[in-house]
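J.: This is final39.pdb (PDB, C-alpha atoms).
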```
ATOM      1  CA  MET A 216      45.647  -8.333   8.662
ATOM      2  CA  THR A 217      43.932  -8.989   5.346
ATOM      3  CA  PRO A 218      40.826 -11.214   5.294
ATOM      4  CA  LEU A 219      40.714 -14.848   4.255
ATOM      5  CA  LEU A 220      37.483 -15.605   2.406
ATOM      6  CA  PRO A 221      35.999 -18.696   0.733
ATOM      7  CA  ALA A 222      36.639 -18.664  -3.005
ATOM      8  CA  PRO A 223      33.193 -18.386  -4.641
ATOM      9  CA  GLY A 224      32.337 -20.921  -7.294
ATOM     10  CA  LEU A 225      35.547 -22.888  -6.833
ATOM     11  CA  LEU A 226      36.455 -26.080  -4.988
ATOM     12  CA  SER A 227      35.056 -26.544  -1.511
ATOM     13  CA  GLY A 228      37.596 -25.630   1.154
ATOM     14  CA  LEU A 229      39.569 -23.281  -1.092
ATOM     15  CA  SER A 230      40.064 -19.768   0.299
ATOM     16  CA  LEU A 231      41.583 -16.523  -1.007
ATOM     17  CA  LYS A 232      43.638 -14.054   1.043
ATOM     18  CA  LEU A 233      42.744 -10.552  -0.171
ATOM     19  CA  GLU A 234      46.121  -8.831  -0.291
ATOM     20  CA  TYR A 235      44.814  -6.202  -2.721
ATOM     21  CA  LEU A 236      43.150  -4.567   0.303
ATOM     22  CA  ASN A 237      46.549  -3.313   1.488
ATOM     23  CA  PRO A 238      46.989   0.490   1.191
ATOM     24  CA  SER A 239      49.058   0.229  -2.014
ATOM     25  CA  LEU A 240      46.771  -2.505  -3.412
ATOM     26  CA  SER A 241      49.348  -5.312  -3.331
ATOM     27  CA  ILE A 242      50.980  -7.971  -1.170
ATOM     28  CA  LYS A 243      54.178  -5.989  -1.785
ATOM     29  CA  HIS A 244      52.857  -3.478   0.760
ATOM     30  CA  ARG A 245      53.724  -5.968   3.498
ATOM     31  CA  SER A 246      57.414  -5.478   2.854
ATOM     32  CA  LEU A 247      58.497  -2.589   0.652
ATOM     33  CA  PRO A 248      56.908   0.414   2.426
ATOM     34  CA  THR A 249      57.767  -1.010   5.856
ATOM     35  CA  THR A 250      61.420  -1.483   4.926
ATOM     36  CA  LEU A 251      61.775   1.868   3.146
ATOM     37  CA  LEU A 252      60.057   3.849   5.901
ATOM     38  CA  GLU A 253      62.324   2.204   8.493
ATOM     39  CA  ARG A 254      65.356   3.210   6.436
ATOM     40  CA  ALA A 255      64.065   6.771   6.146
ATOM     41  CA  ARG A 256      63.582   7.002   9.923
ATOM     42  CA  ALA A 257      67.135   5.684  10.388
ATOM     43  CA  GLY A 258      68.478   8.400   8.046
ATOM     44  CA  ARG A 259      69.426   5.968   5.277
ATOM     45  CA  ILE A 260      66.947   7.572   2.844
ATOM     46  CA  SER A 261      66.564  11.341   2.695
ATOM     47  CA  ARG A 262      63.939  13.515   1.084
ATOM     48  CA  ASP A 263      66.507  14.316  -1.603
ATOM     49  CA  ALA A 264      66.753  10.654  -2.591
ATOM     50  CA  THR A 265      65.137   8.876  -5.518
ATOM     51  CA  LEU A 266      63.882   5.342  -4.907
ATOM     52  CA  VAL A 267      64.621   3.269  -8.024
ATOM     53  CA  ILE A 268      63.119  -0.147  -8.732
ATOM     54  CA  MET A 269      62.786  -2.435 -11.737
ATOM     55  CA  THR A 270      59.285  -3.844 -11.509
ATOM     56  CA  ALA A 271      56.474  -5.444 -13.468
ATOM     57  CA  GLY A 272      54.002  -3.285 -11.588
ATOM     58  CA  SER A 273      52.811  -4.064  -8.073
ATOM     59  CA  ALA A 274      56.160  -3.574  -6.337
ATOM     60  CA  GLY A 275      56.547  -0.261  -8.141
ATOM     61  CA  VAL A 276      53.193   0.957  -6.864
ATOM     62  CA  SER A 277      54.221   0.073  -3.300
ATOM     63  CA  VAL A 278      57.535   1.916  -3.738
ATOM     64  CA  ALA A 279      55.669   4.932  -5.143
ATOM     65  CA  TRP A 280      53.364   4.852  -2.110
ATOM     66  CA  ALA A 281      56.356   4.694   0.246
ATOM     67  CA  ALA A 282      58.056   7.605  -1.539
ATOM     68  CA  SER A 283      54.898   9.682  -1.124
ATOM     69  CA  GLN A 284      55.045   9.028   2.634
ATOM     70  CA  ILE A 285      58.774   9.783   2.901
ATOM     71  CA  GLY A 286      58.510  12.885   0.720
ATOM     72  CA  CYS A 287      61.155  11.735  -1.772
ATOM     73  CA  LYS A 288      61.019  10.800  -5.459
ATOM     74  CA  ALA A 289      60.406   7.396  -7.030
ATOM     75  CA  LEU A 290      61.557   6.127 -10.422
ATOM     76  CA  LEU A 291      59.885   2.938 -11.656
ATOM     77  CA  LEU A 292      61.584   1.027 -14.468
ATOM     78  CA  MET A 293      58.797  -1.028 -16.046
ATOM     79  CA  PRO A 294      58.531  -3.271 -19.120
ATOM     80  CA  ASP A 295      56.723  -1.803 -22.079
ATOM     81  CA  SER A 296      54.047  -4.466 -21.548
ATOM     82  CA  ALA A 297      53.091  -3.050 -18.120
ATOM     83  CA  PRO A 298      49.338  -2.371 -17.863
ATOM     84  CA  ASP A 299      48.289   1.247 -18.358
ATOM     85  CA  SER A 300      46.158   1.064 -15.201
ATOM     86  CA  VAL A 301      49.208   0.272 -13.055
ATOM     87  CA  VAL A 302      51.378   2.889 -14.760
ATOM     88  CA  ASN A 303      48.702   5.569 -14.383
ATOM     89  CA  TYR A 304      48.186   4.752 -10.704
ATOM     90  CA  ALA A 305      51.937   4.916 -10.021
ATOM     91  CA  ARG A 306      52.125   8.293 -11.745
ATOM     92  CA  TRP A 307      49.108   9.490  -9.758
ATOM     93  CA  LEU A 308      51.082   8.639  -6.624
ATOM     94  CA  GLY A 309      53.833  10.933  -7.914
ATOM     95  CA  ALA A 310      56.294   8.425  -9.362
ATOM     96  CA  GLU A 311      58.194   8.821 -12.607
ATOM     97  CA  VAL A 312      57.765   5.773 -14.847
ATOM     98  CA  GLU A 313      60.149   4.612 -17.591
ATOM     99  CA  ARG A 314      58.663   1.917 -19.848
ATOM    100  CA  ARG A 315      61.272   0.098 -21.937
ATOM    101  CA  PRO A 316      62.084  -3.375 -23.314
ATOM    102  CA  HIS A 317      63.529  -5.499 -20.538
ATOM    103  CA  PRO A 318      67.229  -5.407 -21.576
ATOM    104  CA  GLN A 319      67.101  -1.604 -21.530
ATOM    105  CA  LEU A 320      65.532  -1.652 -18.073
ATOM    106  CA  GLN A 321      68.430  -3.684 -16.723
ATOM    107  CA  GLU A 322      70.884  -1.194 -18.194
ATOM    108  CA  LEU A 323      69.008   1.714 -16.602
ATOM    109  CA  LEU A 324      68.946  -0.018 -13.220
ATOM    110  CA  ASP A 325      72.661  -0.759 -13.378
ATOM    111  CA  ALA A 326      73.331   2.902 -14.217
ATOM    112  CA  HIS A 327      71.573   3.980 -11.019
ATOM    113  CA  ARG A 328      73.606   1.710  -8.749
ATOM    114  CA  GLY A 329      76.143   3.887  -7.005
ATOM    115  CA  MET A 330      74.646   7.054  -8.480
ATOM    116  CA  PRO A 331      74.483   9.820  -5.845
ATOM    117  CA  GLY A 332      70.942  10.287  -4.635
ATOM    118  CA  SER A 333      69.634   6.980  -6.004
ATOM    119  CA  HIS A 334      68.468   4.277  -3.603
ATOM    120  CA  VAL A 335      68.043   1.107  -5.664
ATOM    121  CA  VAL A 336      65.447  -1.295  -4.266
ATOM    122  CA  GLU A 337      66.568  -4.892  -4.855
ATOM    123  CA  GLN A 338      63.612  -7.259  -4.599
ATOM    124  CA  LEU A 339      65.583 -10.426  -5.290
ATOM    125  CA  SER A 340      68.600 -10.019  -3.034
ATOM    126  CA  ASP A 341      67.483  -8.017   0.010
ATOM    127  CA  PRO A 342      66.815 -10.306   3.022
ATOM    128  CA  GLU A 343      65.020  -7.481   4.839
ATOM    129  CA  LEU A 344      62.297  -7.543   2.197
ATOM    130  CA  ILE A 345      61.809 -11.314   2.305
ATOM    131  CA  GLY A 346      61.568 -11.372   6.096
ATOM    132  CA  HIS A 347      58.604  -9.013   6.190
ATOM    133  CA  TYR A 348      56.465 -11.456   4.197
ATOM    134  CA  ARG A 349      56.610 -13.952   7.065
ATOM    135  CA  GLU A 350      53.658 -12.207   8.683
ATOM    136  CA  VAL A 351      51.431 -13.313   5.791
ATOM    137  CA  GLY A 352      52.225 -16.955   6.573
ATOM    138  CA  GLU A 353      51.738 -16.368  10.300
ATOM    139  CA  GLU A 354      48.326 -14.821   9.635
ATOM    140  CA  LEU A 355      47.332 -17.813   7.503
ATOM    141  CA  LEU A 356      48.117 -20.175  10.372
ATOM    142  CA  ARG A 357      45.901 -18.141  12.706
ATOM    143  CA  GLN A 358      43.086 -17.670  10.191
ATOM    144  CA  ALA A 359      42.944 -21.236   8.869
ATOM    145  CA  PRO A 360      43.545 -23.899  11.539
ATOM    146  CA  GLY A 361      44.310 -27.166   9.790
ATOM    147  CA  LEU A 362      45.666 -25.397   6.714
ATOM    148  CA  ALA A 363      46.632 -28.065   4.157
ATOM    149  CA  ALA A 364      48.625 -26.100   1.560
ATOM    150  CA  VAL A 365      49.194 -22.603   0.160
ATOM    151  CA  THR A 366      49.716 -21.455  -3.415
ATOM    152  CA  VAL A 367      51.516 -18.198  -4.208
ATOM    153  CA  SER A 368      51.954 -16.642  -7.640
ATOM    154  CA  ALA A 369      55.631 -16.336  -8.548
ATOM    155  CA  GLY A 370      57.155 -13.066  -9.687
ATOM    156  CA  THR A 371      60.422 -12.334  -7.889
ATOM    157  CA  CYS A 372      59.423 -15.052  -5.361
ATOM    158  CA  ALA A 373      60.265 -12.784  -2.396
ATOM    159  CA  SER A 374      56.755 -13.074  -0.932
ATOM    160  CA  LEU A 375      56.709 -16.826  -1.592
ATOM    161  CA  MET A 376      60.003 -17.321   0.271
ATOM    162  CA  GLY A 377      58.860 -15.321   3.298
ATOM    163  CA  ILE A 378      55.517 -17.132   3.483
ATOM    164  CA  ALA A 379      57.242 -20.511   3.119
ATOM    165  CA  GLU A 380      59.637 -19.681   5.970
ATOM    166  CA  ALA A 381      56.694 -18.997   8.276
ATOM    167  CA  LEU A 382      54.776 -22.123   7.275
ATOM    168  CA  ALA A 383      57.689 -24.579   7.272
ATOM    169  CA  PRO A 384      57.668 -25.261  11.051
ATOM    170  CA  ALA A 385      53.972 -26.178  10.787
ATOM    171  CA  GLY A 386      54.678 -28.556   7.897
ATOM    172  CA  VAL A 387      52.410 -26.666   5.485
ATOM    173  CA  PRO A 388      53.643 -26.981   1.879
ATOM    174  CA  VAL A 389      53.786 -23.894  -0.346
ATOM    175  CA  TYR A 390      53.395 -24.164  -4.117
ATOM    176  CA  ALA A 391      54.574 -21.569  -6.622
ATOM    177  CA  VAL A 392      52.263 -20.774  -9.542
ATOM    178  CA  GLU A 393      53.755 -19.517 -12.799
ATOM    179  CA  PRO A 394      52.536 -19.084 -16.387
ATOM    180  CA  ALA A 395      52.620 -22.236 -18.507
ATOM    181  CA  GLU A 396      54.210 -20.156 -21.295
ATOM    182  CA  ALA A 397      57.105 -19.146 -19.017
ATOM    183  CA  ALA A 398      57.608 -21.953 -16.513
ATOM    184  CA  VAL A 399      60.967 -20.549 -15.436
ATOM    185  CA  LEU A 400      61.009 -22.148 -11.965
ATOM    186  CA  SER A 401      60.302 -25.499 -13.609
ATOM    187  CA  GLY A 402      63.403 -25.110 -15.771
ATOM    188  CA  GLU A 403      61.707 -23.985 -18.957
ATOM    189  CA  PRO A 404      62.827 -20.906 -20.964
ATOM    190  CA  TRP A 405      60.972 -17.632 -20.533
ATOM    191  CA  ARG A 406      58.467 -16.887 -23.273
ATOM    192  CA  PRO A 407      56.020 -13.978 -23.605
ATOM    193  CA  HIS A 408      52.793 -14.346 -21.626
ATOM    194  CA  ASN A 409      49.838 -12.183 -20.643
ATOM    195  CA  ILE A 410      49.952 -12.283 -16.828
ATOM    196  CA  PRO A 411      51.525  -9.036 -15.525
ATOM    197  CA  GLY A 412      53.941  -9.451 -12.653
ATOM    198  CA  LEU A 413      54.637 -13.182 -13.028
ATOM    199  CA  ALA A 414      57.730 -14.912 -14.387
ATOM    200  CA  PRO A 415      59.668 -11.791 -15.384
ATOM    201  CA  PRO A 416      62.388 -12.396 -17.980
ATOM    202  CA  ALA A 417      65.808 -13.055 -16.523
ATOM    203  CA  PRO A 418      68.320 -10.168 -16.536
ATOM    204  CA  THR A 419      70.586 -10.171 -19.567
TER     205      THR A 419
END
```
Transcribe the structure of this file into C-alpha cells.

T.:
Amino acid sequence: MTPLLPAPGLLSGLSLKLEYLNPSLSIKHRSLPTTLLERARAGRISRDATLVIMTAGSAGVSVAWAASQIGCKALLLMPDSAPDSVVNYARWLGAEVERRPHPQLQELLDAHRGMPGSHVVEQLSDPELIGHYREVGEELLRQAPGLAAVTVSAGTCASLMGIAEALAPAGVPVYAVEPAEAAVLSGEPWRPHNIPGLAPPAPT
C-alpha cells in the first residue's frame, strides 16, 4: 500500500497518493508486473520470450522490471520525445529501447504481433491489466474515509478505469486530467505537449 499524504502548499483537504514509491517507480507497477509474473508462472511467458510494449515511459519501466524478474528480454517502443532519464533507467534494468516517431512505433508493434517469441503487452485492451488497478481505489477508500473525489492523470486510462470501478459503488467521482494542448478525452485533436506519459497520440 502506498501512502496518502497531505499535499503541501495546496488546497486544504487535498492529498496525494505516492505511487512513485512502487518498486518500478510508477502506478503501472500495480498491474503490469503482477500480470506478467502470473503469466510466467503459468507457462505463458518463457525465459526465451521478449516482452514488447509501446509506451511513453512508465509502463515500459514496469515491463522492464518484470522482465528482469522473469529472466526474459524486454523491448520498449518509445516516442522520440521520451525523457532520457526514463530511457536510461529502462536500459539499466536490461531493456532494449527503440525511440522513434509515433507512426513508426505503431508499425514496429504491429510487426511483433504474432512473431514467435514476442509477447506484446496491450495496455488499452487487456482486461487483466485494468482489473489490477482496482486495489488503488480500494486503498483510497480505506485511507480517506469521506473521500469526496479523485483525480487521475490520463495516459492509456487503464489505471483510471480500474480505480473508477472500485470507487463507483461508494459513489466517489473520478476525474481524468489531460494536457490542455491535447484534450483528447474532451474531443479535441492531439497536439504536441510537454507532459510525458499523458494523452499519447492516437495510433495511425

J.: Once the PyMOL selection byres ((chain A and resi 358) around 10) has been applied to the shown file, what residues remain in the selection, as a PDB file with C-alpha atoms, keeping the file's coordinate frame?

T.:
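The resulting file, part_8.pdb, is shown below:
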```pdb
ATOM      1  CA  MET A 216      45.647  -8.333   8.662  1.00  0.00           C
ATOM      2  CA  THR A 217      43.932  -8.989   5.346  1.00  0.00           C
ATOM      3  CA  PRO A 218      40.826 -11.214   5.294  1.00  0.00           C
ATOM      4  CA  LEU A 219      40.714 -14.848   4.255  1.00  0.00           C
ATOM      5  CA  LEU A 220      37.483 -15.605   2.406  1.00  0.00           C
ATOM      6  CA  LYS A 232      43.638 -14.054   1.043  1.00  0.00           C
ATOM      7  CA  GLY A 352      52.225 -16.955   6.573  1.00  0.00           C
ATOM      8  CA  GLU A 353      51.738 -16.368  10.300  1.00  0.00           C
ATOM      9  CA  GLU A 354      48.326 -14.821   9.635  1.00  0.00           C
ATOM     10  CA  LEU A 355      47.332 -17.813   7.503  1.00  0.00           C
ATOM     11  CA  LEU A 356      48.117 -20.175  10.372  1.00  0.00           C
ATOM     12  CA  ARG A 357      45.901 -18.141  12.706  1.00  0.00           C
ATOM     13  CA  ALA A 359      42.944 -21.236   8.869  1.00  0.00           C
ATOM     14  CA  PRO A 360      43.545 -23.899  11.539  1.00  0.00           C
ATOM     15  CA  GLY A 361      44.310 -27.166   9.790  1.00  0.00           C
ATOM     16  CA  LEU A 362      45.666 -25.397   6.714  1.00  0.00           C
TER      17      LEU A 362
END
```

J.: Taking into account only C-alpha atoms, which residue in the set A:Leu247, A:Ala297, A:Val389, A:Val336 is nearest to Ala364 in chain A?

T.: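 Result for the nearest residue to Ala364 in chain A: A:Val389.
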
J.: Find the residues near Pro394 in chain A: any atom within 9 Å, counting only C-alpha atoms, skip ones fewer than 5 places away on the same chain, and give them as a ChimeraX atom specification.

T.: /A:369,399,408-410,413-414

J.: Fewer than 6 positions away in the same chain doesn't count, so skip those; otherwise give me all residues within 8 Å of range 330-332 of chain A, counting all atoms listed in the file, as a list in words.

T.: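 In the requested format, the answer is Asp263, Ala264 and Thr265 of chain A.
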
J.: Take the residues from that selection and write them out as a PDB file, in the coordinates of the input, keeping C-alpha atoms.

T.:
```pdb
ATOM      1  CA  ASP A 263      66.507  14.316  -1.603  1.00  0.00           C
ATOM      2  CA  ALA A 264      66.753  10.654  -2.591  1.00  0.00           C
ATOM      3  CA  THR A 265      65.137   8.876  -5.518  1.00  0.00           C
TER       4      THR A 265
END
```

J.: Residues picked by the PyMOL selection byres ((chain A and resi 290) around 9) here, as a list in words?

T.: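 Taken on the displayed file, the PyMOL selection byres ((chain A and resi 290) around 9) yields the residues Thr265, Leu266, Val267, Ile268, Met269, Gly275, Val278, Ala279, Lys288, Ala289, Leu291, Leu292, Ala310, Glu311, Val312 and Glu313 of chain A.
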
J.: Please expand the PyMOL selection byres ((chain A and resi 367) around 7) into the concrete residues it hits in this file, giving the result as a ChimeraX atom specification.

T.: /A:365-366,368-369,375,390-392

J.: Which is closest to Pro342 in chain A among A:Thr250, A:Leu323, A:Ala398, A:Gly258, if we use all atoms listed in the file?

T.: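 Looking at the shortest contact to Pro342 in chain A, the residue is A:Thr250.
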
J.: Pick the closest to Ala305 in chain A from A:Gly224, A:Gly272, A:Pro248, A:Pro238: which is it, counting all atoms listed in the file?

T.: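 Closest candidate: A:Gly272.
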
J.: Mind giving me the straight-line distance from CA of His244 in chain A to CA of Gly228 in chain A in Å, one decimal?

T.: 26.9 Å

J.: Expressed in Å to a single decimal, how great is the separation between CA of Leu233 in chain A and CA of Tyr348 in chain A?

T.: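 If I compute the distance from CA of Leu233 in chain A to CA of Tyr348 in chain A, I get 14.4 Å.
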
J.: Record the distance separating CA of Ser374 in chain A and CA of Glu343 in chain A, expressed in Å with one decimal.

T.: 11.5 Å

J.: I'd like the neighbourhood of Lys243 in chain A as a short mmCIF file (atom, residue, chain, number, x, y, z; two decimals) with C-alpha atoms, keeping the file's coordinate frame, where a residue qualifies if any of its atoms comes within 8 Å (using all atoms listed in the file), though same-chain residues fewer than 6 positions away should be ignored.

T.:
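What follows is the written file around.cif:
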```cif
data_model
loop_
_atom_site.label_atom_id
_atom_site.label_comp_id
_atom_site.auth_asym_id
_atom_site.auth_seq_id
_atom_site.Cartn_x
_atom_site.Cartn_y
_atom_site.Cartn_z
CA SER A 273 52.81 -4.06 -8.07
CA ALA A 274 56.16 -3.57 -6.34
CA SER A 277 54.22 0.07 -3.30
CA SER A 374 56.76 -13.07 -0.93
#
```

J.: Quick one: of A:Ser333, A:Gln319, A:Ser300, A:Gln284, who's nearest to Ala255 in chain A, counting all atoms listed in the file?

T.: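 When distances to Ala255 in chain A are compared using all atoms listed in the file, the smallest one comes from A:Gln284.
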
J.: Select, from A:Val387, A:Val301, A:Ala395, A:Ala271, the residue with the minimum atom-to-atom distance to Arg315 in chain A, counting all atoms listed in the file.

T.: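 Checking each of A:Val387, A:Val301, A:Ala395, A:Ala271 against Arg315 in chain A, counting all atoms listed in the file, the winner is A:Ala271.
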
J.: Given only C-alpha atoms as the basis, pick out the residue of A:Ile260, A:Trp280, A:Leu231, A:Pro223 nearest to Leu308 in chain A.

T.: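 Under the stated criterion, the closest residue is A:Trp280.
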
J.: Quick one: 4 Å padding each side, axis-aligned, all listed atoms of range 367-372 of chain A - centre and edge lengths in Å to one decimal, as AutoDock Vina command-line options?

T.:
```
--center_x 56.0 --center_y -15.3 --center_z -6.9 --size_x 16.9 --size_y 13.9 --size_z 13.5
```

J.: Can you pull range 325-354 of chain A out of that block with N, CA and C atoms and hand it back as a compact mmCIF listing (two decimals), in the first residue's frame?

T.:
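Just written: selection27.txt:
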```txt
# COMPACT_ATOMS: atom_id res chain seq x y z
N ASP A 325 3.03 -3.58 -34.48
CA ASP A 325 2.25 -4.48 -35.32
C ASP A 325 3.11 -5.61 -35.88
N ALA A 326 4.37 -5.32 -36.19
CA ALA A 326 5.27 -6.34 -36.72
C ALA A 326 5.54 -7.44 -35.68
N HIS A 327 5.50 -7.08 -34.41
CA HIS A 327 5.79 -8.06 -33.36
C HIS A 327 4.59 -8.92 -33.00
N ARG A 328 3.38 -8.49 -33.36
CA ARG A 328 2.21 -9.31 -33.08
C ARG A 328 2.29 -10.60 -33.90
N GLY A 329 2.19 -11.70 -33.23
CA GLY A 329 2.27 -12.99 -33.93
C GLY A 329 3.68 -13.45 -34.22
N MET A 330 4.68 -12.62 -33.90
CA MET A 330 6.07 -13.02 -34.13
C MET A 330 6.49 -14.03 -33.07
N PRO A 331 7.06 -15.17 -33.46
CA PRO A 331 7.48 -16.16 -32.47
C PRO A 331 8.43 -15.55 -31.44
N GLY A 332 8.13 -15.81 -30.19
CA GLY A 332 8.99 -15.32 -29.12
C GLY A 332 8.61 -13.96 -28.58
N SER A 333 7.74 -13.23 -29.27
CA SER A 333 7.32 -11.90 -28.80
C SER A 333 6.01 -12.00 -28.03
N HIS A 334 5.98 -11.40 -26.86
CA HIS A 334 4.75 -11.31 -26.07
C HIS A 334 4.40 -9.83 -25.99
N VAL A 335 3.43 -9.41 -26.82
CA VAL A 335 3.06 -8.00 -26.88
C VAL A 335 2.14 -7.66 -25.71
N VAL A 336 2.50 -6.63 -24.98
CA VAL A 336 1.72 -6.17 -23.83
C VAL A 336 0.79 -5.07 -24.31
N GLU A 337 -0.51 -5.31 -24.20
CA GLU A 337 -1.53 -4.38 -24.71
C GLU A 337 -2.16 -3.63 -23.54
N GLN A 338 -1.73 -2.42 -23.30
CA GLN A 338 -2.27 -1.66 -22.18
C GLN A 338 -3.75 -1.30 -22.35
N LEU A 339 -4.16 -1.02 -23.56
CA LEU A 339 -5.50 -0.49 -23.79
C LEU A 339 -6.60 -1.55 -23.84
N SER A 340 -6.25 -2.77 -24.19
CA SER A 340 -7.30 -3.76 -24.48
C SER A 340 -7.22 -5.02 -23.64
N ASP A 341 -6.39 -5.03 -22.58
CA ASP A 341 -6.24 -6.23 -21.77
C ASP A 341 -6.98 -6.04 -20.44
N PRO A 342 -8.14 -6.71 -20.25
CA PRO A 342 -8.91 -6.52 -19.02
C PRO A 342 -8.17 -6.96 -17.77
N GLU A 343 -7.23 -7.90 -17.90
CA GLU A 343 -6.44 -8.30 -16.74
C GLU A 343 -5.67 -7.12 -16.16
N LEU A 344 -5.14 -6.28 -17.02
CA LEU A 344 -4.35 -5.14 -16.56
C LEU A 344 -5.24 -4.13 -15.83
N ILE A 345 -6.39 -3.83 -16.40
CA ILE A 345 -7.29 -2.85 -15.79
C ILE A 345 -7.74 -3.30 -14.41
N GLY A 346 -8.07 -4.58 -14.28
CA GLY A 346 -8.58 -5.10 -13.02
C GLY A 346 -7.63 -4.93 -11.86
N HIS A 347 -6.34 -5.01 -12.11
CA HIS A 347 -5.37 -4.91 -11.02
C HIS A 347 -5.30 -3.51 -10.42
N TYR A 348 -5.76 -2.50 -11.15
CA TYR A 348 -5.73 -1.14 -10.61
C TYR A 348 -6.86 -0.89 -9.61
N ARG A 349 -7.79 -1.82 -9.50
CA ARG A 349 -8.88 -1.65 -8.53
C ARG A 349 -8.35 -1.49 -7.11
N GLU A 350 -7.23 -2.15 -6.82
CA GLU A 350 -6.72 -2.10 -5.44
C GLU A 350 -6.32 -0.68 -5.04
N VAL A 351 -5.95 0.15 -6.02
CA VAL A 351 -5.62 1.55 -5.70
C VAL A 351 -6.87 2.26 -5.18
N GLY A 352 -8.00 2.07 -5.86
CA GLY A 352 -9.25 2.66 -5.41
C GLY A 352 -9.69 2.12 -4.06
N GLU A 353 -9.52 0.82 -3.85
CA GLU A 353 -9.88 0.21 -2.57
C GLU A 353 -9.03 0.77 -1.43
N GLU A 354 -7.74 0.98 -1.70
CA GLU A 354 -6.87 1.58 -0.69
C GLU A 354 -7.32 3.00 -0.36
```
